[in-house]
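Student: For reference, the file data-v3.txt (compact mmCIF, C-alpha atoms) is included below:
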```
# COMPACT_ATOMS: atom_id res chain seq x y z
CA MET F 1 38.10 31.87 -15.94
CA VAL F 2 37.06 30.27 -12.66
CA ASN F 3 38.88 27.08 -11.69
CA PHE F 4 36.41 24.47 -10.50
CA GLY F 5 38.90 21.67 -9.90
CA ALA F 6 37.34 18.32 -10.79
CA ILE F 7 34.64 19.58 -13.14
CA ALA F 8 34.79 17.90 -16.53
CA PRO F 9 34.75 20.06 -19.68
CA ASN F 10 31.32 18.73 -20.75
CA ASP F 11 29.87 20.23 -17.58
CA ASP F 12 30.61 23.81 -18.69
CA GLU F 13 26.99 24.44 -19.63
CA SER F 14 25.74 23.29 -16.22
CA VAL F 15 28.39 25.35 -14.46
CA LYS F 16 27.31 28.50 -16.31
CA LEU F 17 23.66 27.73 -15.65
CA PHE F 18 24.22 27.17 -11.92
CA LEU F 19 26.39 30.26 -11.54
CA SER F 20 23.71 32.31 -13.31
CA ILE F 21 21.26 31.64 -10.48
CA GLY F 22 23.71 32.98 -7.91
CA LEU F 23 25.13 29.75 -6.50
CA ASP F 24 28.66 30.03 -5.14
CA GLU F 25 31.55 28.13 -6.71
CA LYS F 26 31.76 25.53 -3.94
CA THR F 27 28.05 24.68 -4.25
CA VAL F 28 28.36 24.48 -8.04
CA THR F 29 31.33 22.12 -7.77
CA THR F 30 29.51 19.89 -5.29
CA THR F 31 26.39 19.89 -7.45
CA ILE F 32 28.21 19.08 -10.68
CA ASN F 33 29.88 16.11 -9.00
CA ASN F 34 26.46 14.63 -8.18
CA PRO F 35 24.60 13.66 -11.37
CA LYS F 36 21.24 13.28 -9.63
CA VAL F 37 21.39 16.74 -8.05
CA THR F 38 22.66 18.20 -11.33
CA ALA F 39 19.66 16.74 -13.18
CA ASN F 40 17.20 17.89 -10.49
CA LEU F 41 18.59 21.42 -10.36
CA THR F 42 18.72 21.72 -14.14
CA ALA F 43 15.07 20.65 -14.35
CA VAL F 44 14.07 23.12 -11.60
CA ILE F 45 15.86 25.99 -13.36
CA HIS F 46 14.16 25.21 -16.66
CA GLU F 47 10.73 24.66 -15.09
CA SER F 48 10.93 27.91 -13.16
CA GLY F 49 11.94 29.85 -16.28
CA VAL F 50 15.20 31.31 -14.97
CA THR F 51 17.57 29.87 -17.57
CA ASN F 52 18.92 33.40 -18.14
CA GLY F 53 19.71 33.74 -14.44
CA CYS F 54 18.18 35.21 -11.31
CA ASP F 55 19.24 36.77 -8.04
CA ARG F 56 21.07 34.74 -5.41
CA THR F 57 18.10 34.51 -3.01
CA THR F 58 15.85 33.06 -5.69
CA GLY F 59 18.61 30.72 -6.85
CA ASN F 60 19.22 29.42 -3.35
CA LEU F 61 15.52 28.70 -2.85
CA LEU F 62 15.39 26.85 -6.18
CA TYR F 63 18.50 24.91 -5.17
CA THR F 64 16.75 23.92 -1.94
CA VAL F 65 13.73 22.69 -3.89
CA ALA F 66 16.01 20.66 -6.17
CA THR F 67 18.01 19.10 -3.37
CA LYS F 68 15.50 18.63 -0.57
CA HIS F 69 11.97 18.78 -1.91
CA HIS F 70 12.22 17.53 -5.47
CA SER F 71 10.07 14.40 -5.37
CA ASN F 72 7.17 15.37 -3.14
CA LEU F 73 6.34 18.62 -4.94
CA LEU F 74 5.90 17.53 -8.54
CA LEU F 75 2.22 18.50 -8.75
CA HIS F 76 2.77 21.83 -7.03
CA ARG F 77 6.03 22.93 -8.62
CA PRO F 78 4.49 25.38 -11.12
CA THR F 79 2.74 27.27 -8.32
CA LEU F 80 5.75 27.13 -6.03
CA PHE F 81 8.14 28.34 -8.75
CA LYS F 82 5.81 31.21 -9.62
CA TYR F 83 5.92 32.38 -6.02
CA ILE F 84 9.69 31.94 -5.68
CA VAL F 85 10.57 33.67 -8.96
CA SER F 86 8.24 36.60 -8.21
CA SER F 87 9.83 36.92 -4.73
CA LYS F 88 6.53 36.31 -2.99
CA ILE F 89 8.31 33.42 -1.28
CA LYS F 90 11.74 34.74 -0.42
CA THR F 91 12.92 32.97 2.73
CA LEU F 92 13.61 29.38 3.71
CA ALA F 93 10.94 29.66 6.39
CA GLN F 94 8.38 30.59 3.72
CA LEU F 95 9.58 27.76 1.47
CA ASP F 96 9.28 25.27 4.32
CA ALA F 97 5.78 26.57 5.06
CA ALA F 98 4.83 26.15 1.39
CA VAL F 99 6.12 22.58 1.33
CA LEU F 100 4.22 21.80 4.52
CA PHE F 101 1.07 23.35 3.06
CA PHE F 102 1.37 21.28 -0.11
CA ASP F 103 2.05 18.13 1.93
CA ASN F 104 -1.19 18.70 3.83
CA HIS F 105 -3.45 19.75 0.95
CA ALA F 106 -4.50 17.75 -2.07
CA PRO F 107 -4.27 19.66 -5.37
CA GLU F 108 -8.04 19.78 -5.68
CA ASP F 109 -8.27 21.38 -2.20
CA PHE F 110 -5.80 24.17 -3.02
CA LYS F 111 -7.03 27.59 -1.98
CA LEU F 112 -4.77 30.48 -2.94
CA ASN F 113 -5.67 32.70 0.03
CA GLU F 114 -4.97 29.87 2.52
CA PHE F 115 -1.67 29.10 0.80
CA GLU F 116 -0.54 32.72 0.88
CA GLU F 117 -1.50 33.10 4.52
CA ALA F 118 0.26 29.86 5.50
CA CYS F 119 3.45 30.99 3.73
CA GLY F 120 3.52 34.57 4.94
CA VAL F 121 3.15 35.99 1.44
CA GLY F 122 3.07 39.76 1.68
CA VAL F 123 4.28 39.86 5.27
CA GLU F 124 7.07 42.40 5.60
CA VAL F 125 9.09 42.72 8.78
CA SER F 126 11.17 45.88 9.10
CA ALA F 127 14.31 46.30 11.14
CA GLU F 128 12.23 48.50 13.45
CA ASP F 129 9.69 45.67 13.89
CA ILE F 130 12.49 43.24 14.76
CA GLU F 131 14.00 45.65 17.25
CA LYS F 132 10.63 46.27 18.88
CA ALA F 133 9.93 42.51 19.14
CA ALA F 134 13.39 41.90 20.60
CA ASP F 135 12.84 44.64 23.19
CA GLU F 136 9.47 43.13 24.16
CA LEU F 137 11.02 39.69 24.39
CA LEU F 138 13.82 40.89 26.63
CA LYS F 139 11.32 42.66 28.88
CA ARG F 140 9.38 39.40 29.28
CA ILE F 141 12.54 37.43 29.93
CA ARG F 142 13.67 39.91 32.54
CA LYS F 143 10.30 39.77 34.30
CA GLN F 144 9.86 35.99 34.15
CA SER F 145 13.29 34.47 34.34
CA TRP F 146 15.90 36.93 35.38
CA SER F 147 14.03 38.18 38.41
CA SER F 148 13.91 34.64 39.78
CA SER F 149 17.42 33.61 38.77
CA THR F 150 20.28 35.72 40.03
CA GLU F 151 22.76 34.02 37.65
CA LEU F 152 20.83 35.21 34.60
CA MET F 153 20.96 38.79 35.82
CA TRP F 154 24.64 38.83 34.89
CA VAL F 155 24.38 37.24 31.45
CA ASN F 156 25.84 39.25 28.61
CA CYS F 157 22.91 39.89 26.25
CA LEU F 158 25.18 39.40 23.24
CA ASP F 159 25.99 35.89 24.45
CA MET F 160 22.28 35.13 24.68
CA SER F 161 21.26 36.68 21.39
CA GLY F 162 22.25 33.69 19.25
CA LYS F 163 20.40 31.31 21.50
CA VAL F 164 17.29 33.47 21.62
CA CYS F 165 17.29 34.05 17.88
CA HIS F 166 17.52 30.37 16.99
CA GLY F 167 14.06 29.27 17.90
CA GLN F 168 13.29 30.42 21.39
CA ILE F 169 11.52 33.54 20.12
CA LEU F 170 9.05 31.37 18.23
CA ARG F 171 8.27 29.37 21.36
CA LEU F 172 7.55 32.41 23.58
```
What would you get if you wrote out this structure as structure tokens?

Tutor:
Amino acid sequence: MVNFGAIAPNDDESVKLFLSIGLDEKTVTTTINNPKVTANLTAVIHESGVTNGCDRTTGNLLYTVATKHHSNLLLHRPTLFKYIVSSKIKTLAQLDAAVLFFDNHAPEDFKLNEFEEACGVGVEVSAEDIEKAADELLKRIRKQSWSSSTELMWVNCLDMSGKVCHGQILRL
């Protein structure tokens, strides 16, 4: 049996439910200790139809909906949950795009094709695609920046990789 520290015995059902969607023990403990988040997450799990469990990726996306986007998505939750549970939305970036789309479109203006395009549904990026994009990016950086800055010529690419991968690629 897992020891969850301060979890009360009457929370056993919630603990099992939250573990079944792939949440780690620390997240479950934190969630159980917050009645509002516990209620939101329980509702999300039931509404999305994963009371018998799901994979960790799906569970983490549902947890994000319950903790960050619970109030402003009420009208759109059935659609959003359908896409999350079917793994058509499988990343936080896609979830954020879906929330933004719903924020900017009234329910009566919802167009499935526009939603899917805005959220990157069906877009698959292979390791080869990532490597190719990274190579192209480094070529551009070398041409634009490194040729004009002698200090950057000596930068260890591994030291730069975290900085480049955290947003700069999207701005280039």

Student: Considering all atoms listed in the file, return as a ChimeraX atom specification whatever protein or nucleic-acid residues lie within 7 Å of region 91-94 of chain F, sequence-local ones (same chain, fewer than 5 positions apart) excluded.

Tutor: /F:61,119-120

Student: Given all atoms listed in the file as the basis, pick out the residue of F:Ala98, F:Val121, F:Ile32, F:Ile130 nearest to Arg77 (chain F).

Tutor: F:Ala98

Student: Interatomic distance between CA of Lys36 (chain F) and CA of Leu23 (chain F)?

Tutor: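 Result for CA of Lys36 (chain F) versus CA of Leu23 (chain F): 17.2 Å, one decimal.
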
Student: Quick one, how far is CA of Asn34 (chain F) from CA of Val99 (chain F)?

Tutor: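 These atoms are spaced 23.8 Å apart.
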
Student: Between CA of Glu25 (chain F) and CA of Thr58 (chain F), what is the distance, to one decimal in Å?

Tutor: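 If I compute the distance from CA of Glu25 (chain F) to CA of Thr58 (chain F), I get 16.5 Å.
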
Student: Can you work out which one of F:Leu80, F:Thr30, F:Val125, F:Ser86 has the shortest atom-to-atom distance to Phe102 (chain F), counting only C-alpha atoms?

Tutor: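 Looking at the shortest contact to Phe102 (chain F), the residue is F:Leu80.
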
Student: Would you kindly return, as a list of chain:residue names, each protein, DNA or RNA residue with an atom no farther than 9 Å from any atom of Ile45 (chain F), considering all atoms listed in the file and excluding same-chain residues fewer than 5 positions away?

Tutor: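 My list of contacting residues is F:Leu17, F:Phe18, F:Ile21, F:Asn40, F:Val50, F:Thr51, F:Gly53, F:Gly59, F:Leu62, F:Tyr63, F:Ala66.
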
Student: Which residue gives the smallest distance to Arg56 (chain F) among F:Ser20, F:Asn113, F:Asn104, F:Thr42, with all atoms listed in the file counted?

Tutor: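 Answer, going by the shortest atom-to-atom distance: F:Ser20.
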
Student: Report, as AutoDock Vina command-line options, the axis-aligned box around all atoms of region 129-146 of chain F present in the file, extended by 3 Å on each side; give centre and edge lengths in Å to one decimal place.

Tutor:
```
--center_x 12.6 --center_y 40.4 --center_z 24.6 --size_x 12.5 --size_y 17.8 --size_z 27.5
```
